[in-house]
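Novice: Take a look at the following structure, please.
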Amino acid sequence: MDDTYDVVIIGGGAAGLSTALVLGRARRRVAVIDSGEPRNAPAEHMHSFLSRDGMPPSALLEAGRAEVTEYGVRLVEGRVEGVEPGFTVRLAGGATPAARRIVVATGLRDELPDIPGLRERWGVDVLHCPYCHGYEVRDEALGVLGNVQHALLLRQWSDDVVFFPGDIEPSAEELERLAARGVPVVAGKITRIVVEGGRLRGVELADGRVVPRTAVFVMPRMLPHDAVLTKLGCRKSDGWVVTDPSGRTSVEGVWAVGNVVDPRAQVITAAGMGAAAAFALNHDLVEEEVVRALTIRSRIG
Ligand SMILES: Cc1cc2nc3c(=O)[nH]c(=O)nc-3n(C[C@H](O)[C@H](O)[C@H](O)COP(=O)(O)OP(=O)(O)OC[C@H]3O[C@@H](n4cnc5c(N)ncnc54)[C@H](O)[C@@H]3O)c2cc1C
């Protein structure tokens, strides 16, 4: 695929495919390079996306890929290892397509606390986002690990929420807020998430107690897949690459959308960021083309 594109999009999740759809329909020459590991892959269903609520995440992407292909967008399975200024995209395996503009839509990685059982149940009954999966476990016996604000929030979905501080020590004020909201606190080191018969059954503490729960919420550490942006020199703030509202980074010609720049972006938000970037990016390309045409015209006479 050593061709030249108007835009190479790195990452083919909701953000990247949405960018590709708008640019394909704007008759741009576009390639999407995707390594096939979207963040929400462990979840069976995707929620809070108007008109797509409950759809399997893979079905949304499948539909998106079919749509962009209709407009001539090239889909490439592969991993981008780097981008040289100008731009030359370097794929694992050696291909080096060129692009006038780059969109990075590579998402993020969720790093979970090192508690046995958590990773195995991630996206099933170990959850993080109440807006994505809270409704599905409403009124159940819920546990919240290590984040007071998260526990106060989850109480919206169930009367039976237990807070497990684990390694953190809530302040007196936080304990008062939890008590006022009707959230009991069970202190102690968490040793594992108990899973029996293919279901989460409870939270085990170091003293051997098992507090029965059917779902557990935990806030992961979110780490952006932003190596390409960092290497290109994009400006960061608090560890995240900074963009303007259209997704433009501090490096000319480089745009970034979705979870790679915004950990709060849900699927619908990530898709919206992609569409907004495509508009702005196409205008940027048009401006370059007008300037080039004017230069040629002035040379001719
Ligand atoms: C368990 C779980 C459940 C969730 N459920 C919901 C839900 O119900 N509703 C909701 O709105 N949100 C949900 N989310 C959040 C949702 O996953 C994100 O909002 C969404 O994935 C962000 O889209 P994105 O396109 O930015 O990133 P992603 O969907 O993660 O896509 C990024 C893509 O880039 C690719 N990539 C990364 N690096 C490279 C590289 N170097 N080269 C090529 N390709 C690369 C990846 O393989 C991936 O395909 C959930 C998250 C989790 C963890």
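Ordered as shown in the structure tokens, chains take letters A, B, and onward, while each chain numbers its residues from 1 and ligands are numbered from 1 in the order shown.
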Kindly work out which residues sit at most 6 Å from ligand 1, using only C-alpha atoms and all ligand atoms, and give the list as a PyMOL selection string.
Specialist: chain A and resi 10-16+33-40+42-43+46-49+78-81+105-108+123+132+225+258-260+265-268+270
Novice: Residues of the last selection are to be written out with N, CA and C atoms, as a tab-separated table (two decimals), in the first residue's frame.
Specialist:
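Output below, filename part_12.tsv:
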```
chain	number	residue	atom	x	y	z
A	10	ILE	N	-5.08	6.65	11.42
A	10	ILE	CA	-4.49	5.54	12.17
A	10	ILE	C	-5.46	5.18	13.27
A	11	GLY	N	-6.05	4.00	13.17
A	11	GLY	CA	-7.07	3.55	14.13
A	11	GLY	C	-8.44	3.55	13.47
A	12	GLY	N	-9.07	2.37	13.48
A	12	GLY	CA	-10.37	2.23	12.81
A	12	GLY	C	-11.48	1.87	13.77
A	13	GLY	N	-11.53	2.55	14.92
A	13	GLY	CA	-12.67	2.44	15.83
A	13	GLY	C	-13.72	3.46	15.41
A	14	ALA	N	-14.62	3.80	16.35
A	14	ALA	CA	-15.71	4.74	16.04
A	14	ALA	C	-15.15	6.08	15.57
A	15	ALA	N	-14.10	6.56	16.22
A	15	ALA	CA	-13.54	7.88	15.88
A	15	ALA	C	-12.93	7.86	14.48
A	16	GLY	N	-12.09	6.88	14.22
A	16	GLY	CA	-11.38	6.82	12.93
A	16	GLY	C	-12.33	6.57	11.77
A	33	ILE	N	-5.82	2.63	8.74
A	33	ILE	CA	-4.97	1.50	9.13
A	33	ILE	C	-5.36	1.13	10.57
A	34	ASP	N	-5.73	-0.13	10.75
A	34	ASP	CA	-6.27	-0.51	12.07
A	34	ASP	C	-5.72	-1.85	12.52
A	35	SER	N	-5.34	-1.90	13.81
A	35	SER	CA	-4.78	-3.14	14.35
A	35	SER	C	-5.84	-4.02	15.01
A	36	GLY	N	-7.12	-3.61	14.96
A	36	GLY	CA	-8.20	-4.53	15.33
A	36	GLY	C	-8.37	-4.81	16.81
A	37	GLU	N	-8.03	-3.83	17.67
A	37	GLU	CA	-8.21	-4.04	19.11
A	37	GLU	C	-8.98	-2.88	19.74
A	38	PRO	N	-10.26	-2.71	19.37
A	38	PRO	CA	-11.01	-1.60	19.95
A	38	PRO	C	-11.19	-1.78	21.46
A	39	ARG	N	-11.26	-0.68	22.16
A	39	ARG	CA	-11.27	-0.70	23.62
A	39	ARG	C	-12.43	-1.49	24.20
A	40	ASN	N	-13.62	-1.38	23.60
A	40	ASN	CA	-14.81	-2.01	24.19
A	40	ASN	C	-15.03	-3.44	23.70
A	42	PRO	N	-14.21	-6.30	24.93
A	42	PRO	CA	-14.65	-7.30	25.90
A	42	PRO	C	-16.16	-7.26	26.19
A	43	ALA	N	-16.82	-6.15	25.86
A	43	ALA	CA	-18.25	-6.02	26.19
A	43	ALA	C	-19.12	-6.66	25.10
A	46	MET	N	-23.12	-2.64	23.36
A	46	MET	CA	-22.76	-1.23	23.48
A	46	MET	C	-24.03	-0.44	23.78
A	47	HIS	N	-23.94	0.47	24.72
A	47	HIS	CA	-25.12	1.24	25.10
A	47	HIS	C	-24.87	2.74	24.98
A	48	SER	N	-26.00	3.49	25.06
A	48	SER	CA	-25.99	4.96	25.05
A	48	SER	C	-25.58	5.56	23.72
A	49	PHE	N	-25.74	4.81	22.64
A	49	PHE	CA	-25.52	5.34	21.30
A	49	PHE	C	-26.90	5.38	20.65
A	78	GLY	N	-3.41	-3.61	10.08
A	78	GLY	CA	-1.99	-3.46	10.36
A	78	GLY	C	-1.74	-2.51	11.51
A	79	ARG	N	-0.50	-2.46	11.94
A	79	ARG	CA	-0.12	-1.59	13.06
A	79	ARG	C	0.85	-0.53	12.57
A	80	VAL	N	0.56	0.71	12.89
A	80	VAL	CA	1.48	1.80	12.54
A	80	VAL	C	2.54	1.91	13.63
A	81	GLU	N	3.78	1.92	13.21
A	81	GLU	CA	4.88	2.00	14.20
A	81	GLU	C	5.41	3.41	14.35
A	105	ALA	N	-6.35	8.11	15.69
A	105	ALA	CA	-7.60	7.71	16.39
A	105	ALA	C	-7.37	6.36	17.04
A	106	THR	N	-6.27	6.28	17.79
A	106	THR	CA	-5.78	4.98	18.27
A	106	THR	C	-6.31	4.57	19.64
A	107	GLY	N	-7.17	5.38	20.26
A	107	GLY	CA	-7.82	4.97	21.50
A	107	GLY	C	-6.88	4.95	22.70
A	108	LEU	N	-7.27	4.19	23.70
A	108	LEU	CA	-6.47	4.12	24.93
A	108	LEU	C	-6.48	2.71	25.49
A	123	GLY	N	-15.48	-5.94	31.54
A	123	GLY	CA	-16.47	-5.77	30.47
A	123	GLY	C	-17.66	-6.70	30.58
A	132	CYS	N	-22.57	3.38	30.52
A	132	CYS	CA	-22.52	2.31	29.50
A	132	CYS	C	-23.27	1.08	29.99
A	225	HIS	N	-2.99	5.61	23.65
A	225	HIS	CA	-2.06	5.04	22.66
A	225	HIS	C	-1.54	6.20	21.81
A	258	GLY	N	-11.12	11.04	19.45
A	258	GLY	CA	-11.54	9.88	20.23
A	258	GLY	C	-10.77	9.75	21.53
A	259	ASN	N	-10.74	8.54	22.04
A	259	ASN	CA	-10.14	8.29	23.35
A	259	ASN	C	-8.64	8.59	23.44
A	260	VAL	N	-7.96	8.67	22.31
A	260	VAL	CA	-6.51	8.94	22.40
A	260	VAL	C	-6.25	10.34	22.96
A	265	ALA	N	-14.55	10.28	26.24
A	265	ALA	CA	-15.35	10.09	25.02
A	265	ALA	C	-15.97	8.70	24.98
A	266	GLN	N	-17.30	8.67	24.88
A	266	GLN	CA	-17.99	7.40	24.65
A	266	GLN	C	-18.00	7.14	23.15
A	267	VAL	N	-18.64	6.06	22.72
A	267	VAL	CA	-18.58	5.73	21.30
A	267	VAL	C	-19.20	6.85	20.45
A	268	ILE	N	-20.35	7.34	20.89
A	268	ILE	CA	-21.03	8.37	20.10
A	268	ILE	C	-20.23	9.68	20.09
A	270	ALA	N	-16.90	9.86	20.45
A	270	ALA	CA	-15.70	9.62	19.63
A	270	ALA	C	-16.07	9.75	18.15
```
Novice: Identify, with DSSP run on backbone atoms, the residues in range 58-244 of chain A assigned to strand (DSSP E or B), and express the list as a ChimeraX atom specification.
Specialist: /A:74-77,80-84,88-91,98-104,108-111,122,126-127,142-145,161-164,185,190-196,199-205,210-212,215-218,221-224,236-237,240-241
Novice: Could you tell me which of A:His128, A:Asp167, A:Glu77, A:Val7 comes closest to Asp110 in chain A if we count only C-alpha atoms?
Specialist: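 The answer is A:His128, which sits nearest to Asp110 in chain A.
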Novice: Pick out the closest residue to Ile193 in chain A from this set: A:Arg235, A:Arg121, A:His150, A:Arg181. Count only C-alpha atoms.
Specialist: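 Checking each candidate against Ile193 in chain A, we get A:Arg121 as the closest.
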